[in-house]
Every structure is written in C-alpha cells, then in structure tokens.
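Peer 1: Handing you this structure, nothing more for now.
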Amino acid sequence: MTTVLCPGSFDPLHLGHLDVIEQAAALFGSVIVATMHNPAKPSGMFSLDERMELIRASVAHLPEVKVESFAGLVVDAAKAFGVDFLVKGLRTAGDFEIEQQMAQTNFAVAEVRTVFLPCAPGLSYVSSQFVREIARHGGDVRNLVPLPVAEHLANRTVGGRSEQR
Ligand code: PNS
C-alpha cells in the first residue's frame, strides 16, 4: 500500500486542508498528517497538542489517516515515517510557485518526491492566517473550518472576543 505524508502547520486545520487529506486518503490509501513543530517559530494561535487534537477530531471519519508531530525538516519526517512521497495541496498559482521550489529542493537534498493536489475550487480562498485573524476578533469561521475546530474556537471565546495568544 502507498503511504503519503501531508505536512503542515495546521494552525488551525481548515476545510481546504481537510479536502486535500480526504483526496489523499481516497487516492493513496494511507495518509500520515505531520503536524510540524518549529521551536524557533512559535505557533500563531494553537499549541502543537491542540492542533493535533483538532486534526484527529476532524479526520475521525478517515481510519486510514494517522496524525503525528515532527520537529525538523519535512524530508526527515518523510524518512522517519517511512512514507512513499509527500502530498501538498495547491490553492492558487502563488502556492504553486512556493511549493514547486520546496518540492524541487526536497528532491535535490533527500530524493523525497512531492505530489500536488489542487484543492476543491470552492475552498481556494481559505487560509489559516485569515481563520486566526477572524477568530481573534470574535468573527464567525464556521464556513472555513471543520466542526471540531469551530467548536474549539467558540469555547475559547471570552466575553464575545476570542482569547489573544
Ligand atoms: O502549513 P504550512 O505552514 O504552509 O506548512 C509549511 C511546512 C511546515 C510544510 C514547511 O514550512 C516546511 O516544510 N517546514 C519544515 C522545514 C523544512 O523542511 N524546510 C525545508 C523546505 S524546502
């Protein structure tokens, strides 16, 4: 069976991420979601444990998907988890430019290949950065994130405004 790695910050997981994970599960059979932990770059909103918990809750309907964490290079995560290749979602041409460079670099340094999957057209505008921004101001992100993430954000809301962290 083919096993692929979906790496990312997932801060937090949004519907575009979930769409790509679902596509990867349908196409390749086995998926490891690597929640990347960079100690030099503190999380924008959620701790590593929170991010993993929210991903696990959001992929509970996909038994072929495992959620792990990794500190370091994505190519080292690919080797540590023994995957066949990386899967990255593409929303826009801007994503492609950055992702192509990363994919080529990852192949040059470690011969780890990357497959790109376009996200569903109706989700190409969704970004974790905007989810965080809207949530911090107490806005409604229910159309942007899976239900467990929306509920977690709602529970963090204090006095009508989300906690600032
Ligand atoms: O969800 P994100 O923030 O777009 O994920 C980006 C991520 C974590 C996949 C990327 O930043 C990454 O690959 N980080 C690990 C460090 C690394 O491998 N750098 C070399 C890239 S060529």
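Following the order of the structure tokens, chains are lettered A, B, ..., residues in each are numbered from 1, and ligands are numbered from 1.
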Taking only C-alpha atoms and all ligand atoms into account, produce a table as a Markdown table in which each residue of chain A with an atom at most 7 Å from an atom of ligand 1 appears once, together with its shortest atom pair and the distance in Å to one decimal, ordered by chain and rising number.
Peer 2:
```
| residue | atom | partner | partner_atom_place_in_ligand_line | distance |
| --- | --- | --- | --- | --- |
| A:Pro7 | CA | ligand 1 | 9 (C) | 4.8 |
| A:Gly8 | CA | ligand 1 | 5 (O) | 3.5 |
| A:Ser9 | CA | ligand 1 | 1 (O) | 3.9 |
| A:Phe10 | CA | ligand 1 | 1 (O) | 5.4 |
| A:Met36 | CA | ligand 1 | 8 (C) | 5.2 |
| A:Gly72 | CA | ligand 1 | 16 (C) | 5.8 |
| A:Leu73 | CA | ligand 1 | 18 (O) | 3.4 |
| A:Val74 | CA | ligand 1 | 18 (O) | 3.9 |
| A:Val75 | CA | ligand 1 | 18 (O) | 6.0 |
| A:Met102 | CA | ligand 1 | 22 (S) | 4.0 |
| A:Ala103 | CA | ligand 1 | 22 (S) | 6.6 |
| A:Thr105 | CA | ligand 1 | 22 (S) | 5.1 |
| A:Asn106 | CA | ligand 1 | 22 (S) | 5.3 |
```
Peer 1: Extract the full set of helix (DSSP H, G or I) residues from range 3-51 of chain A according to DSSP on the backbone, and format it as a list in words.
Peer 2: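 The residues of range 3-51 of chain A classed as helix (DSSP H, G or I) are Leu15, Gly16, His17, Leu18, Asp19, Val20, Ile21, Glu22, Gln23, Ala24, Ala25, Ala26, Leu27, Phe28, Leu48, Asp49, Glu50 and Arg51 of chain A.
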Peer 1: Taking only C-alpha atoms into account, name the residue in A:Leu27, A:Ala110, A:Leu13, A:Val20 that is nearest to Leu54 in chain A.
Peer 2: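 Using only C-alpha atoms, Leu54 in chain A sits closest to A:Leu13.
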Peer 1: Kindly indicate which residue among A:Gly44, A:Leu153, A:Leu86, A:Asp19 lies nearest to Thr3 in chain A, using only C-alpha atoms for the distances.
Peer 2: A:Leu86
Peer 1: Once DSSP has gone over the backbone, tell me which residues of range 1-164 of chain A are in strand (DSSP E), as a ChimeraX atom specification.
Peer 2: /A:2-8,29-37,65-71,85-90,114-118,157-158,161-162
Peer 1: Given the choices A:Pro39, A:Pro12, A:Gly94, A:Pro63, which gets closest to Ala25 in chain A if the distance is worked out from only C-alpha atoms?
Peer 2: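 Checking each of A:Pro39, A:Pro12, A:Gly94, A:Pro63 against Ala25 in chain A, counting only C-alpha atoms, the winner is A:Pro63.
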Peer 1: List the spatial neighbours of Gln129 in chain A as a PyMOL selection string - criterion: any atom at most 9 Å away, only C-alpha atoms, same-chain residues fewer than 2 positions off excluded.
Peer 2: chain A and resi 11-12+44+126-127+131-134
Peer 1: Any chance you can output those residues with N, CA, C and O atoms as a short mmCIF file (atom, residue, chain, number, x, y, z; two decimals), in the first residue's frame?
Peer 2:
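Contents of result.cif, freshly written:
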```cif
data_model
loop_
_atom_site.label_atom_id
_atom_site.label_comp_id
_atom_site.auth_asym_id
_atom_site.auth_seq_id
_atom_site.Cartn_x
_atom_site.Cartn_y
_atom_site.Cartn_z
N ASP A 11 -2.50 25.49 11.71
CA ASP A 11 -2.69 26.39 12.85
C ASP A 11 -3.80 27.42 12.57
O ASP A 11 -3.50 28.61 12.45
N PRO A 12 -5.07 26.96 12.49
CA PRO A 12 -5.54 25.59 12.67
C PRO A 12 -5.83 24.91 11.33
O PRO A 12 -5.76 25.56 10.27
N GLY A 44 1.15 30.33 15.89
CA GLY A 44 0.39 31.57 15.78
C GLY A 44 -0.76 31.62 16.76
O GLY A 44 -1.07 32.65 17.32
N VAL A 126 -9.51 29.80 1.30
CA VAL A 126 -9.43 29.56 2.76
C VAL A 126 -7.98 29.50 3.21
O VAL A 126 -7.15 28.82 2.60
N SER A 127 -7.66 30.21 4.29
CA SER A 127 -6.30 30.18 4.83
C SER A 127 -6.34 30.20 6.35
O SER A 127 -7.24 30.80 6.96
N VAL A 131 -8.33 32.61 9.15
CA VAL A 131 -9.15 31.98 10.21
C VAL A 131 -8.71 32.54 11.56
O VAL A 131 -9.55 32.95 12.38
N ARG A 132 -7.40 32.60 11.80
CA ARG A 132 -6.89 33.12 13.08
C ARG A 132 -7.32 34.58 13.29
O ARG A 132 -7.76 34.98 14.36
N GLU A 133 -7.17 35.35 12.21
CA GLU A 133 -7.49 36.79 12.29
C GLU A 133 -8.96 37.00 12.62
O GLU A 133 -9.31 37.80 13.50
N ILE A 134 -9.83 36.29 11.93
CA ILE A 134 -11.28 36.44 12.15
C ILE A 134 -11.64 35.96 13.56
O ILE A 134 -12.38 36.62 14.30
#
```
Peer 1: Contacts of Arg56 in chain A at 10 Å or less, counting only C-alpha atoms, minus same-chain residues fewer than 5 places along, as a list in words?
Peer 2: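 Final neighbour list, sorted by chain and number: Val33, Glu50, Arg51, His61, Leu62, Val65, Lys66, Val67, Glu68 and Pro148 of chain A.
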Peer 1: Of the candidates A:Ile55, A:Ala24, A:Ile32, A:Val4, which shows the shortest atom-to-atom distance to Leu147 in chain A, using only C-alpha atoms?
Peer 2: A:Ile55
Peer 1: For Leu48 in chain A, list every protein, DNA or RNA residue within 8 Å, evaluated using only C-alpha atoms, and leave out those in the same chain fewer than 4 positions away; present the list as a list in words.
Peer 2: Thr35, His37, Ser43, Met52 and Ser69 of chain A
Peer 1: Between A:Cys6, A:Arg113, A:Val31, A:Leu144, which residue has the minimum interatomic distance to Phe130 in chain A, considering only C-alpha atoms?
Peer 2: A:Leu144
Peer 1: Pick out the residues sitting within 10 Å of Leu90 in chain A, and hand them over as a compact mmCIF listing (two decimals) with all heavy atoms, in the first residue's frame; count only C-alpha atoms, and ignore anything fewer than 2 positions along from it in its own chain.
Peer 2:
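Done, and the output landed in around04.txt:
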```
# COMPACT_ATOMS: atom_id res chain seq x y z
N GLY A 16 -9.90 23.54 3.56
CA GLY A 16 -9.02 23.25 2.41
C GLY A 16 -8.04 22.14 2.75
O GLY A 16 -7.82 21.22 1.94
N HIS A 17 -7.46 22.20 3.96
CA HIS A 17 -6.57 21.11 4.39
C HIS A 17 -7.33 19.78 4.40
O HIS A 17 -6.82 18.77 3.92
CB HIS A 17 -6.08 21.36 5.83
CG HIS A 17 -5.16 22.53 6.02
ND1 HIS A 17 -5.31 23.42 7.05
CD2 HIS A 17 -4.07 22.94 5.32
CE1 HIS A 17 -4.36 24.33 7.00
NE2 HIS A 17 -3.59 24.07 5.95
N VAL A 20 -7.85 18.21 1.05
CA VAL A 20 -6.65 17.58 0.48
C VAL A 20 -6.35 16.26 1.18
O VAL A 20 -5.98 15.27 0.54
CB VAL A 20 -5.45 18.56 0.53
CG1 VAL A 20 -4.15 17.86 0.18
CG2 VAL A 20 -5.70 19.73 -0.41
N VAL A 87 2.48 14.79 -0.04
CA VAL A 87 1.33 15.36 -0.75
C VAL A 87 1.12 16.77 -0.24
O VAL A 87 1.07 16.99 0.98
CB VAL A 87 0.06 14.52 -0.53
CG1 VAL A 87 -1.19 15.29 -0.97
CG2 VAL A 87 0.14 13.20 -1.30
N LYS A 88 1.03 17.71 -1.17
CA LYS A 88 0.77 19.10 -0.81
C LYS A 88 -0.45 19.59 -1.60
O LYS A 88 -0.57 19.28 -2.81
CB LYS A 88 1.97 19.99 -1.17
CG LYS A 88 3.21 19.76 -0.31
CD LYS A 88 3.04 20.32 1.10
CE LYS A 88 4.35 20.53 1.82
NZ LYS A 88 5.02 21.76 1.48
N THR A 92 -3.67 28.20 -5.21
CA THR A 92 -3.51 29.26 -6.21
C THR A 92 -2.16 29.12 -6.91
O THR A 92 -1.31 28.33 -6.50
CB THR A 92 -3.51 30.64 -5.52
OG1 THR A 92 -2.39 30.67 -4.62
CG2 THR A 92 -4.78 30.90 -4.74
N ALA A 93 -1.98 29.95 -7.95
CA ALA A 93 -0.68 29.96 -8.64
C ALA A 93 0.42 30.39 -7.69
O ALA A 93 1.57 29.94 -7.79
CB ALA A 93 -0.75 30.91 -9.84
N GLY A 94 0.08 31.25 -6.73
CA GLY A 94 1.07 31.69 -5.73
C GLY A 94 1.56 30.51 -4.90
O GLY A 94 2.75 30.38 -4.62
N ASP A 95 0.63 29.64 -4.50
CA ASP A 95 1.02 28.43 -3.78
C ASP A 95 1.98 27.60 -4.64
O ASP A 95 2.96 27.06 -4.14
CB ASP A 95 -0.21 27.54 -3.49
CG ASP A 95 -0.95 27.95 -2.24
OD1 ASP A 95 -0.49 28.88 -1.54
OD2 ASP A 95 -2.00 27.34 -1.95
N PHE A 96 1.64 27.47 -5.94
CA PHE A 96 2.45 26.62 -6.81
C PHE A 96 3.90 27.09 -6.85
O PHE A 96 4.83 26.28 -6.79
CB PHE A 96 1.87 26.56 -8.23
CG PHE A 96 2.73 25.75 -9.15
CD1 PHE A 96 2.78 24.37 -9.05
CD2 PHE A 96 3.53 26.36 -10.11
CE1 PHE A 96 3.61 23.61 -9.87
CE2 PHE A 96 4.36 25.63 -10.94
CZ PHE A 96 4.40 24.23 -10.82
N GLU A 97 4.10 28.38 -6.95
CA GLU A 97 5.48 28.90 -7.05
C GLU A 97 6.30 28.51 -5.83
O GLU A 97 7.43 28.05 -5.94
CB GLU A 97 5.46 30.43 -7.18
CG GLU A 97 5.06 30.86 -8.58
CD GLU A 97 5.37 32.32 -8.84
OE1 GLU A 97 6.11 32.93 -8.06
OE2 GLU A 97 4.83 32.84 -9.83
N ILE A 98 5.72 28.67 -4.65
CA ILE A 98 6.44 28.34 -3.41
C ILE A 98 6.60 26.82 -3.29
O ILE A 98 7.68 26.32 -2.98
CB ILE A 98 5.67 28.89 -2.19
CG1 ILE A 98 5.57 30.40 -2.26
CG2 ILE A 98 6.31 28.44 -0.88
CD1 ILE A 98 4.49 31.00 -1.37
N GLU A 99 5.52 26.09 -3.55
CA GLU A 99 5.55 24.64 -3.35
C GLU A 99 6.47 23.94 -4.35
O GLU A 99 7.10 22.95 -4.02
CB GLU A 99 4.13 24.08 -3.43
CG GLU A 99 3.23 24.52 -2.29
CD GLU A 99 3.67 23.99 -0.92
OE1 GLU A 99 4.48 23.06 -0.88
OE2 GLU A 99 3.20 24.53 0.09
N PHE A 116 1.34 17.10 -6.02
CA PHE A 116 0.44 18.23 -5.73
C PHE A 116 -1.00 17.85 -6.04
O PHE A 116 -1.29 17.25 -7.08
CB PHE A 116 0.80 19.44 -6.60
CG PHE A 116 2.16 20.01 -6.32
CD1 PHE A 116 2.99 20.36 -7.36
CD2 PHE A 116 2.60 20.22 -5.02
CE1 PHE A 116 4.25 20.90 -7.12
CE2 PHE A 116 3.84 20.74 -4.76
CZ PHE A 116 4.66 21.09 -5.81
N LEU A 117 -1.88 18.23 -5.14
CA LEU A 117 -3.32 18.04 -5.39
C LEU A 117 -4.00 19.40 -5.32
O LEU A 117 -3.87 20.10 -4.31
CB LEU A 117 -3.92 17.13 -4.31
CG LEU A 117 -3.46 15.67 -4.28
CD1 LEU A 117 -4.11 14.94 -3.11
CD2 LEU A 117 -3.80 14.98 -5.59
N PRO A 118 -4.72 19.78 -6.38
CA PRO A 118 -5.48 21.03 -6.29
C PRO A 118 -6.62 20.88 -5.30
O PRO A 118 -7.26 19.84 -5.25
CB PRO A 118 -6.01 21.24 -7.72
CG PRO A 118 -5.98 19.90 -8.35
CD PRO A 118 -4.94 19.07 -7.66
N CYS A 119 -6.83 21.92 -4.50
CA CYS A 119 -7.94 21.86 -3.56
C CYS A 119 -9.25 22.06 -4.32
O CYS A 119 -9.26 22.49 -5.48
CB CYS A 119 -7.79 22.91 -2.46
SG CYS A 119 -8.12 24.58 -3.00
N ALA A 120 -10.35 21.73 -3.67
CA ALA A 120 -11.67 21.96 -4.28
C ALA A 120 -11.80 23.44 -4.63
O ALA A 120 -11.40 24.30 -3.83
CB ALA A 120 -12.75 21.55 -3.30
N SER A 124 -10.57 27.57 -2.42
CA SER A 124 -9.23 28.08 -2.73
C SER A 124 -8.89 29.37 -1.97
O SER A 124 -7.73 29.75 -1.90
CB SER A 124 -9.06 28.31 -4.24
OG SER A 124 -10.01 29.22 -4.67
```
